[in-house]
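work-v9.pdb, holding PDB, C-alpha atoms, pLDDT in the B column:
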```pdb
ATOM      1  CA  MET L1200       0.000   0.000   0.000  1.00 67.00           C
ATOM      2  CA  ASP L1201       1.465   3.352  -1.024  1.00 76.00           C
ATOM      3  CA  PHE L1202       0.905   6.067   1.586  1.00 83.00           C
ATOM      4  CA  SER L1203       3.510   8.451   0.177  1.00 84.00           C
ATOM      5  CA  SER L1204       0.900  11.182  -0.428  1.00 86.00           C
ATOM      6  CA  VAL L1205      -0.156  11.011   3.238  1.00 86.00           C
ATOM      7  CA  ARG L1206       3.471  11.097   4.404  1.00 87.00           C
ATOM      8  CA  ALA L1207       4.193  14.003   2.050  1.00 88.00           C
ATOM      9  CA  ALA L1208       1.279  15.977   3.507  1.00 87.00           C
ATOM     10  CA  LEU L1209       2.491  15.214   7.043  1.00 86.00           C
ATOM     11  CA  ASP L1210       6.087  16.144   6.192  1.00 87.00           C
ATOM     12  CA  SER L1211       5.077  19.408   4.509  1.00 89.00           C
ATOM     13  CA  LYS L1212       2.799  20.252   7.478  1.00 89.00           C
ATOM     14  CA  SER L1213      -0.203  20.484   5.136  1.00 89.00           C
ATOM     15  CA  TYR L1214      -2.411  19.217   7.920  1.00 92.00           C
ATOM     16  CA  ASP L1215      -5.562  20.742   6.492  1.00 92.00           C
ATOM     17  CA  LYS L1216      -5.161  18.581   3.357  1.00 92.00           C
ATOM     18  CA  ILE L1217      -4.557  15.190   4.993  1.00 92.00           C
ATOM     19  CA  ALA L1218      -8.248  14.358   5.479  1.00 92.00           C
ATOM     20  CA  ASP L1219      -8.976  14.849   1.774  1.00 92.00           C
ATOM     21  CA  VAL L1220      -5.868  12.902   0.743  1.00 91.00           C
ATOM     22  CA  CYS L1221      -6.838   9.994   3.011  1.00 91.00           C
ATOM     23  CA  ASP L1222     -10.505  10.057   1.963  1.00 92.00           C
ATOM     24  CA  ASN L1223      -9.609   9.985  -1.733  1.00 91.00           C
ATOM     25  CA  LEU L1224      -7.013   7.265  -1.235  1.00 90.00           C
ATOM     26  CA  MET L1225      -9.505   5.180   0.756  1.00 90.00           C
ATOM     27  CA  LEU L1226     -12.089   5.498  -2.020  1.00 89.00           C
ATOM     28  CA  GLN L1227      -9.493   4.536  -4.607  1.00 88.00           C
ATOM     29  CA  VAL L1228      -8.281   1.407  -2.827  1.00 86.00           C
ATOM     30  CA  ALA L1229     -11.832   0.363  -1.911  1.00 82.00           C
ATOM     31  CA  ALA L1230     -12.888   0.729  -5.563  1.00 85.00           C
ATOM     32  CA  ASP L1231      -9.894  -1.360  -6.634  1.00 84.00           C
ATOM     33  CA  GLY L1232     -10.832  -4.045  -4.103  1.00 82.00           C
ATOM     34  CA  ILE L1233      -7.542  -3.789  -2.232  1.00 80.00           C
ATOM     35  CA  ALA L1234      -7.557  -4.910   1.401  1.00 78.00           C
ATOM     36  CA  TYR L1235      -6.252  -1.897   3.279  1.00 79.00           C
ATOM     37  CA  GLN L1236      -7.658  -2.044   6.824  1.00 78.00           C
ATOM     38  CA  ASP L1237      -4.590  -3.526   8.526  1.00 80.00           C
ATOM     39  CA  ASP L1238      -2.133  -0.999   7.087  1.00 83.00           C
ATOM     40  CA  TRP L1239      -4.298   2.128   7.017  1.00 88.00           C
ATOM     41  CA  PRO L1240      -2.982   5.214   8.923  1.00 92.00           C
ATOM     42  CA  TYR L1241      -6.201   5.496  10.928  1.00 93.00           C
ATOM     43  CA  ALA L1242      -4.752   7.746  13.647  1.00 94.00           C
ATOM     44  CA  ALA L1243      -3.555  10.362  11.150  1.00 93.00           C
ATOM     45  CA  HIS L1244      -6.771  10.091   9.127  1.00 93.00           C
ATOM     46  CA  LEU L1245      -8.980  10.486  12.203  1.00 95.00           C
ATOM     47  CA  LEU L1246      -6.948  13.356  13.628  1.00 95.00           C
ATOM     48  CA  SER L1247      -6.903  15.141  10.274  1.00 95.00           C
ATOM     49  CA  HIS L1248     -10.713  15.252  10.266  1.00 95.00           C
ATOM     50  CA  ILE L1249     -10.642  16.649  13.786  1.00 95.00           C
ATOM     51  CA  TYR L1250      -7.990  19.174  12.720  1.00 95.00           C
ATOM     52  CA  VAL L1251     -10.296  20.647  10.049  1.00 94.00           C
ATOM     53  CA  HIS L1252     -13.298  20.691  12.417  1.00 92.00           C
ATOM     54  CA  ASP L1253     -15.085  17.882  10.614  1.00 94.00           C
ATOM     55  CA  ILE L1254     -16.137  15.950  13.687  1.00 93.00           C
ATOM     56  CA  ASN L1255     -18.963  14.199  11.813  1.00 93.00           C
ATOM     57  CA  SER L1256     -16.539  12.658   9.309  1.00 94.00           C
ATOM     58  CA  ALA L1257     -14.303  11.693  12.224  1.00 94.00           C
ATOM     59  CA  ARG L1258     -17.264   9.958  13.907  1.00 94.00           C
ATOM     60  CA  PHE L1259     -18.148   8.066  10.740  1.00 95.00           C
ATOM     61  CA  LEU L1260     -14.532   7.029  10.233  1.00 94.00           C
ATOM     62  CA  TRP L1261     -14.331   5.865  13.861  1.00 95.00           C
ATOM     63  CA  LYS L1262     -17.434   3.731  13.382  1.00 94.00           C
ATOM     64  CA  SER L1263     -15.942   2.143  10.249  1.00 91.00           C
ATOM     65  CA  ILE L1264     -12.631   1.208  11.877  1.00 92.00           C
ATOM     66  CA  PRO L1265     -12.513  -2.535  12.616  1.00 91.00           C
ATOM     67  CA  SER L1266     -12.567  -3.326  16.340  1.00 92.00           C
ATOM     68  CA  SER L1267      -9.370  -5.338  15.962  1.00 92.00           C
ATOM     69  CA  ILE L1268      -7.592  -2.124  14.884  1.00 92.00           C
ATOM     70  CA  LYS L1269      -9.116  -0.148  17.776  1.00 92.00           C
ATOM     71  CA  GLU L1270      -7.845  -2.795  20.196  1.00 92.00           C
ATOM     72  CA  SER L1271      -4.387  -3.225  18.683  1.00 93.00           C
ATOM     73  CA  GLN L1272      -3.582   0.448  17.993  1.00 93.00           C
ATOM     74  CA  PRO L1273      -3.958   2.519  21.173  1.00 95.00           C
ATOM     75  CA  GLU L1274      -3.008   5.701  19.313  1.00 95.00           C
ATOM     76  CA  VAL L1275      -6.209   5.451  17.238  1.00 95.00           C
ATOM     77  CA  THR L1276      -8.245   5.231  20.445  1.00 95.00           C
ATOM     78  CA  ALA L1277      -6.288   8.150  21.921  1.00 96.00           C
ATOM     79  CA  VAL L1278      -7.134  10.297  18.883  1.00 96.00           C
ATOM     80  CA  TRP L1279     -10.781   9.369  19.226  1.00 96.00           C
ATOM     81  CA  LYS L1280     -10.727  10.506  22.874  1.00 96.00           C
ATOM     82  CA  ILE L1281      -9.903  13.976  21.568  1.00 96.00           C
ATOM     83  CA  GLY L1282     -12.850  13.693  19.174  1.00 95.00           C
ATOM     84  CA  GLN L1283     -15.163  12.594  21.983  1.00 95.00           C
ATOM     85  CA  LYS L1284     -14.168  15.564  24.133  1.00 95.00           C
ATOM     86  CA  LEU L1285     -14.808  17.926  21.220  1.00 93.00           C
ATOM     87  CA  TRP L1286     -18.171  16.311  20.551  1.00 92.00           C
ATOM     88  CA  LEU L1287     -19.147  16.787  24.211  1.00 93.00           C
ATOM     89  CA  ARG L1288     -17.747  20.328  24.251  1.00 90.00           C
ATOM     90  CA  ASP L1289     -15.466  19.353  27.132  1.00 92.00           C
ATOM     91  CA  TYR L1290     -12.944  22.102  26.394  1.00 88.00           C
ATOM     92  CA  ALA L1291     -10.552  21.235  29.215  1.00 88.00           C
ATOM     93  CA  GLY L1292     -10.911  17.525  28.407  1.00 93.00           C
ATOM     94  CA  VAL L1293      -9.538  18.104  24.901  1.00 95.00           C
ATOM     95  CA  HIS L1294      -6.260  19.334  26.358  1.00 94.00           C
ATOM     96  CA  GLU L1295      -6.209  16.460  28.844  1.00 94.00           C
ATOM     97  CA  ALA L1296      -6.740  13.933  26.046  1.00 95.00           C
ATOM     98  CA  ILE L1297      -3.890  15.477  24.060  1.00 95.00           C
ATOM     99  CA  ARG L1298      -1.502  15.276  27.020  1.00 94.00           C
ATOM    100  CA  ALA L1299      -2.658  11.813  28.154  1.00 94.00           C
ATOM    101  CA  PHE L1300      -0.968   9.890  25.354  1.00 95.00           C
ATOM    102  CA  ASP L1301       2.658   9.486  24.328  1.00 95.00           C
ATOM    103  CA  TRP L1302       2.225  10.196  20.592  1.00 95.00           C
ATOM    104  CA  THR L1303       4.346   8.474  17.981  1.00 93.00           C
ATOM    105  CA  GLN L1304       6.987  10.427  16.090  1.00 92.00           C
ATOM    106  CA  GLU L1305       4.763  10.361  13.002  1.00 89.00           C
ATOM    107  CA  LEU L1306       1.896  12.187  14.749  1.00 93.00           C
ATOM    108  CA  GLN L1307       3.696  14.445  17.226  1.00 93.00           C
ATOM    109  CA  ALA L1308       3.858  17.468  14.936  1.00 93.00           C
ATOM    110  CA  LEU L1309       0.210  17.085  13.850  1.00 94.00           C
ATOM    111  CA  VAL L1310      -0.949  16.777  17.466  1.00 95.00           C
ATOM    112  CA  ALA L1311       1.158  19.789  18.490  1.00 95.00           C
ATOM    113  CA  SER L1312      -0.233  21.829  15.616  1.00 95.00           C
ATOM    114  CA  PHE L1313      -3.788  20.848  16.537  1.00 96.00           C
ATOM    115  CA  ALA L1314      -3.162  21.743  20.205  1.00 94.00           C
ATOM    116  CA  GLU L1315      -1.850  25.172  19.203  1.00 93.00           C
ATOM    117  CA  LEU L1316      -4.775  25.761  16.847  1.00 94.00           C
ATOM    118  CA  TYR L1317      -7.250  24.647  19.508  1.00 95.00           C
ATOM    119  CA  THR L1318      -5.715  26.979  22.109  1.00 93.00           C
ATOM    120  CA  LYS L1319      -6.041  29.915  19.701  1.00 92.00           C
ATOM    121  CA  GLU L1320      -9.679  29.000  19.047  1.00 93.00           C
ATOM    122  CA  MET L1321     -10.369  28.822  22.778  1.00 93.00           C
ATOM    123  CA  PHE L1322      -8.747  32.239  23.196  1.00 91.00           C
ATOM    124  CA  GLN L1323     -11.061  33.657  20.508  1.00 91.00           C
ATOM    125  CA  LEU L1324     -14.029  32.031  22.247  1.00 90.00           C
ATOM    126  CA  LEU L1325     -13.062  33.622  25.566  1.00 91.00           C
ATOM    127  CA  LEU L1326     -12.507  36.939  23.856  1.00 89.00           C
ATOM    128  CA  SER L1327     -15.973  36.973  22.316  1.00 88.00           C
ATOM    129  CA  ALA L1328     -17.885  35.466  25.242  1.00 89.00           C
ATOM    130  CA  TYR L1329     -16.495  37.135  28.358  1.00 88.00           C
ATOM    131  CA  SER L1330     -15.712  40.542  29.754  1.00 89.00           C
ATOM    132  CA  THR L1331     -14.249  39.042  32.932  1.00 91.00           C
ATOM    133  CA  ILE L1332     -13.363  35.444  33.716  1.00 91.00           C
ATOM    134  CA  SER L1333     -11.615  33.701  36.582  1.00 92.00           C
ATOM    135  CA  ILE L1334      -8.020  32.659  36.165  1.00 92.00           C
ATOM    136  CA  LYS L1335      -8.995  29.098  37.072  1.00 92.00           C
ATOM    137  CA  ASP L1336     -11.649  28.873  34.322  1.00 92.00           C
ATOM    138  CA  THR L1337      -9.322  30.466  31.799  1.00 92.00           C
ATOM    139  CA  ALA L1338      -6.629  27.913  32.580  1.00 92.00           C
ATOM    140  CA  LEU L1339      -9.125  25.101  31.946  1.00 91.00           C
ATOM    141  CA  PHE L1340     -10.209  26.538  28.591  1.00 91.00           C
ATOM    142  CA  LEU L1341      -6.641  27.101  27.430  1.00 92.00           C
ATOM    143  CA  GLY L1342      -5.269  23.821  28.792  1.00 89.00           C
ATOM    144  CA  MET L1343      -2.569  25.553  30.813  1.00 90.00           C
ATOM    145  CA  ASN L1344      -1.737  25.937  34.462  1.00 91.00           C
ATOM    146  CA  GLU L1345      -2.993  29.158  36.059  1.00 91.00           C
ATOM    147  CA  ASP L1346       0.355  30.973  35.871  1.00 92.00           C
ATOM    148  CA  ASP L1347       0.909  30.137  32.200  1.00 93.00           C
ATOM    149  CA  ALA L1348      -2.676  31.102  31.315  1.00 91.00           C
ATOM    150  CA  THR L1349      -2.325  34.414  33.163  1.00 92.00           C
ATOM    151  CA  ASN L1350       0.986  35.204  31.444  1.00 93.00           C
ATOM    152  CA  TYR L1351      -0.438  34.231  28.037  1.00 92.00           C
ATOM    153  CA  LEU L1352      -3.415  36.551  28.463  1.00 90.00           C
ATOM    154  CA  LEU L1353      -1.368  39.407  29.911  1.00 91.00           C
ATOM    155  CA  GLN L1354       0.671  39.248  26.694  1.00 91.00           C
ATOM    156  CA  GLN L1355      -2.623  39.617  24.790  1.00 89.00           C
ATOM    157  CA  GLY L1356      -3.328  42.880  26.660  1.00 89.00           C
ATOM    158  CA  TRP L1357      -5.718  41.520  29.262  1.00 91.00           C
ATOM    159  CA  THR L1358      -5.422  42.713  32.845  1.00 91.00           C
ATOM    160  CA  VAL L1359      -5.733  40.847  36.102  1.00 90.00           C
ATOM    161  CA  ASP L1360      -7.470  41.902  39.302  1.00 89.00           C
ATOM    162  CA  PRO L1361      -5.305  40.298  41.996  1.00 85.00           C
ATOM    163  CA  ALA L1362      -7.949  40.662  44.721  1.00 87.00           C
ATOM    164  CA  SER L1363     -10.673  38.720  42.902  1.00 88.00           C
ATOM    165  CA  ARG L1364      -8.285  36.625  40.745  1.00 85.00           C
ATOM    166  CA  MET L1365     -10.316  37.632  37.706  1.00 91.00           C
ATOM    167  CA  LEU L1366      -8.992  38.454  34.270  1.00 88.00           C
ATOM    168  CA  ILE L1367     -10.432  41.487  32.525  1.00 89.00           C
ATOM    169  CA  VAL L1368     -10.802  40.825  28.826  1.00 87.00           C
ATOM    170  CA  LYS L1369      -9.305  43.326  26.423  1.00 82.00           C
ATOM    171  CA  LYS L1370     -11.805  43.500  23.605  1.00 73.00           C
ATOM    172  CA  GLN L1371     -10.353  43.870  20.153  1.00 66.00           C
ATOM    173  CA  PRO L1372     -11.489  46.972  18.292  1.00 65.00           C
ATOM    174  CA  VAL L1373     -14.373  46.184  16.025  1.00 60.00           C
ATOM    175  CA  VAL L1374     -13.656  47.069  12.431  1.00 61.00           C
ATOM    176  CA  THR L1375     -16.811  47.960  10.615  1.00 63.00           C
ATOM    177  CA  GLU L1376     -16.937  48.151   6.908  1.00 65.00           C
ATOM    178  CA  GLN L1377     -19.361  50.605   5.407  1.00 60.00           C
ATOM    179  CA  LYS L1378     -21.235  48.774   2.708  1.00 67.00           C
ATOM    180  CA  LEU L1379     -22.470  51.779   0.764  1.00 64.00           C
ATOM    181  CA  ASP L1380     -21.237  55.324   1.173  1.00 73.00           C
ATOM    182  CA  PRO L1381     -23.792  58.177   0.963  1.00 75.00           C
ATOM    183  CA  SER L1382     -22.459  59.609  -2.301  1.00 77.00           C
ATOM    184  CA  LYS L1383     -23.023  56.291  -4.085  1.00 77.00           C
ATOM    185  CA  LEU L1384     -26.518  56.093  -2.681  1.00 75.00           C
ATOM    186  CA  GLN L1385     -27.236  59.639  -3.911  1.00 80.00           C
ATOM    187  CA  ARG L1386     -25.973  58.836  -7.417  1.00 81.00           C
ATOM    188  CA  LEU L1387     -28.046  55.643  -7.505  1.00 77.00           C
ATOM    189  CA  THR L1388     -31.143  57.578  -6.441  1.00 80.00           C
ATOM    190  CA  GLU L1389     -30.559  60.197  -9.144  1.00 82.00           C
ATOM    191  CA  TYR L1390     -30.053  57.480 -11.764  1.00 78.00           C
ATOM    192  CA  VAL L1391     -33.269  55.669 -10.830  1.00 81.00           C
ATOM    193  CA  PHE L1392     -35.136  59.002 -10.768  1.00 79.00           C
ATOM    194  CA  HIS L1393     -33.774  59.792 -14.230  1.00 76.00           C
ATOM    195  CA  LEU L1394     -34.899  56.392 -15.579  1.00 78.00           C
ATOM    196  CA  GLU L1395     -38.407  56.798 -14.225  1.00 77.00           C
ATOM    197  CA  HIS L1396     -38.938  60.313 -15.662  1.00 69.00           C
TER     198      HIS L1396
END
```

For this file, produce the structure as structure tokens.
Amino acid sequence: MDFSSVRAALDSKSYDKIADVCDNLMLQVAADGIAYQDDWPYAAHLLSHIYVHDINSARFLWKSIPSSIKESQPEVTAVWKIGQKLWLRDYAGVHEAIRAFDWTQELQALVASFAELYTKEMFQLLLSAYSTISIKDTALFLGMNEDDATNYLLQQGWTVDPASRMLIVKKQPVVTEQKLDPSKLQRLTEYVFHLEH
């Protein structure tokens, strides 16, 4: 079985493309009638769906994986634990699932990239949802200890109230784009008026 396209995507850090590469390759080998289940890179395939936020495809792939593979490849099960935590919206559990397994060399960079991406997404979630939040809750969302979470957010311009141990969110300035300036509206009105009369 030739998985060079999957390895090339992993090596080039094109993590957002791995799911499509694996899906297409799986369709190709299934259409050709090639037995692939024992050799398939299920962990990378499953994690690549999670990486691109396609949890439904990850669930369907998980259900199609033979139980013998699930039992013999603990890394596949470890990846699915991340998917389960995402499905349940257990934000802190995602970080725990990432740290709970000793990932193989092949997946370490993909897992690290996903963890970084997930932390940034959690930061954006906190930014949009809160004006103040406890340091403890922030640490859970970001998957860090309280000191690291506080330092991370202080670097983002947030402030901390030492008495209440609450972080005060620094809202990003909202950039609004004016869809139609008044002069264009005036010209359009004059044009329509001219057409009607």

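Using all atoms listed in the file for every distance, the candidate list L:Glu1320, L:Asp1237, L:Glu1305, L:Asp1231 yields L:Glu1305 as the residue closest to Leu1209 (chain L).
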
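In this model, the gap between CA of Ile1334 (chain L) and CA of Phe1322 (chain L) comes to 13.0 Å.
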
_Non-local contacts of region 1278-1284 of chain L (7 Å; all atoms listed in the file; under 6 positions in same chain excluded) as a ChimeraX atom specification_ = /L:1242,1245-1246,1249,1254,1292-1293,1296-1297

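Straight-line separation from CA of Thr1303 (chain L) to CA of Tyr1214 (chain L): 16.2 Å.
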
_Between CA of Asp1210 (chain L) and CA of Ala1308 (chain L), what is the distance in Å, rounded to a tenth?_
9.1 Å

Excluding region 1356-1366 of chain L and residues on its chain fewer than 6 positions from it, collect all residues at most 9 Å away from it, counting only C-alpha atoms, and give them as an mmCIF file with C-alpha atoms, in the coordinates of the input.
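Writing done, so here's result38.cif:
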```
data_model
loop_
_atom_site.group_PDB
_atom_site.id
_atom_site.type_symbol
_atom_site.label_atom_id
_atom_site.label_comp_id
_atom_site.auth_asym_id
_atom_site.auth_seq_id
_atom_site.Cartn_x
_atom_site.Cartn_y
_atom_site.Cartn_z
ATOM 1 C CA SER L 1330 -15.712 40.542 29.754
ATOM 2 C CA THR L 1331 -14.249 39.042 32.932
ATOM 3 C CA ILE L 1332 -13.363 35.444 33.716
ATOM 4 C CA SER L 1333 -11.615 33.701 36.582
ATOM 5 C CA ILE L 1334 -8.020 32.659 36.165
ATOM 6 C CA LYS L 1335 -8.995 29.098 37.072
ATOM 7 C CA THR L 1337 -9.322 30.466 31.799
ATOM 8 C CA THR L 1349 -2.325 34.414 33.163
#
```

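Using all atoms listed in the file, the smallest distance between any of L:Trp1302, L:Tyr1235, L:Pro1381, L:Tyr1351 and Pro1273 (chain L) comes from L:Trp1302.
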
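Restricting the calculation to all atoms listed in the file, the smallest distance between Ala1328 (chain L) and any of L:His1393, L:Ala1243, L:Ser1203, L:Lys1370 is found for L:Lys1370.
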
_Can you translate the PyMOL selection byres ((chain L and resi 1222) around 12) into the concrete residues it hits in this file, as a list of chain:residue names?_
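Applied to this file, the PyMOL selection byres ((chain L and resi 1222) around 12) selects L:Ser1204, L:Val1205, L:Lys1216, L:Ile1217, L:Ala1218, L:Asp1219, L:Val1220, L:Cys1221, L:Asn1223, L:Leu1224, L:Met1225, L:Leu1226, L:Gln1227, L:Val1228, L:Ala1229, L:Trp1239, L:Pro1240, L:Tyr1241, L:Ala1243, L:His1244, L:Leu1245, L:Ser1247, L:His1248, L:Ser1256, L:Ala1257, L:Phe1259, L:Leu1260.
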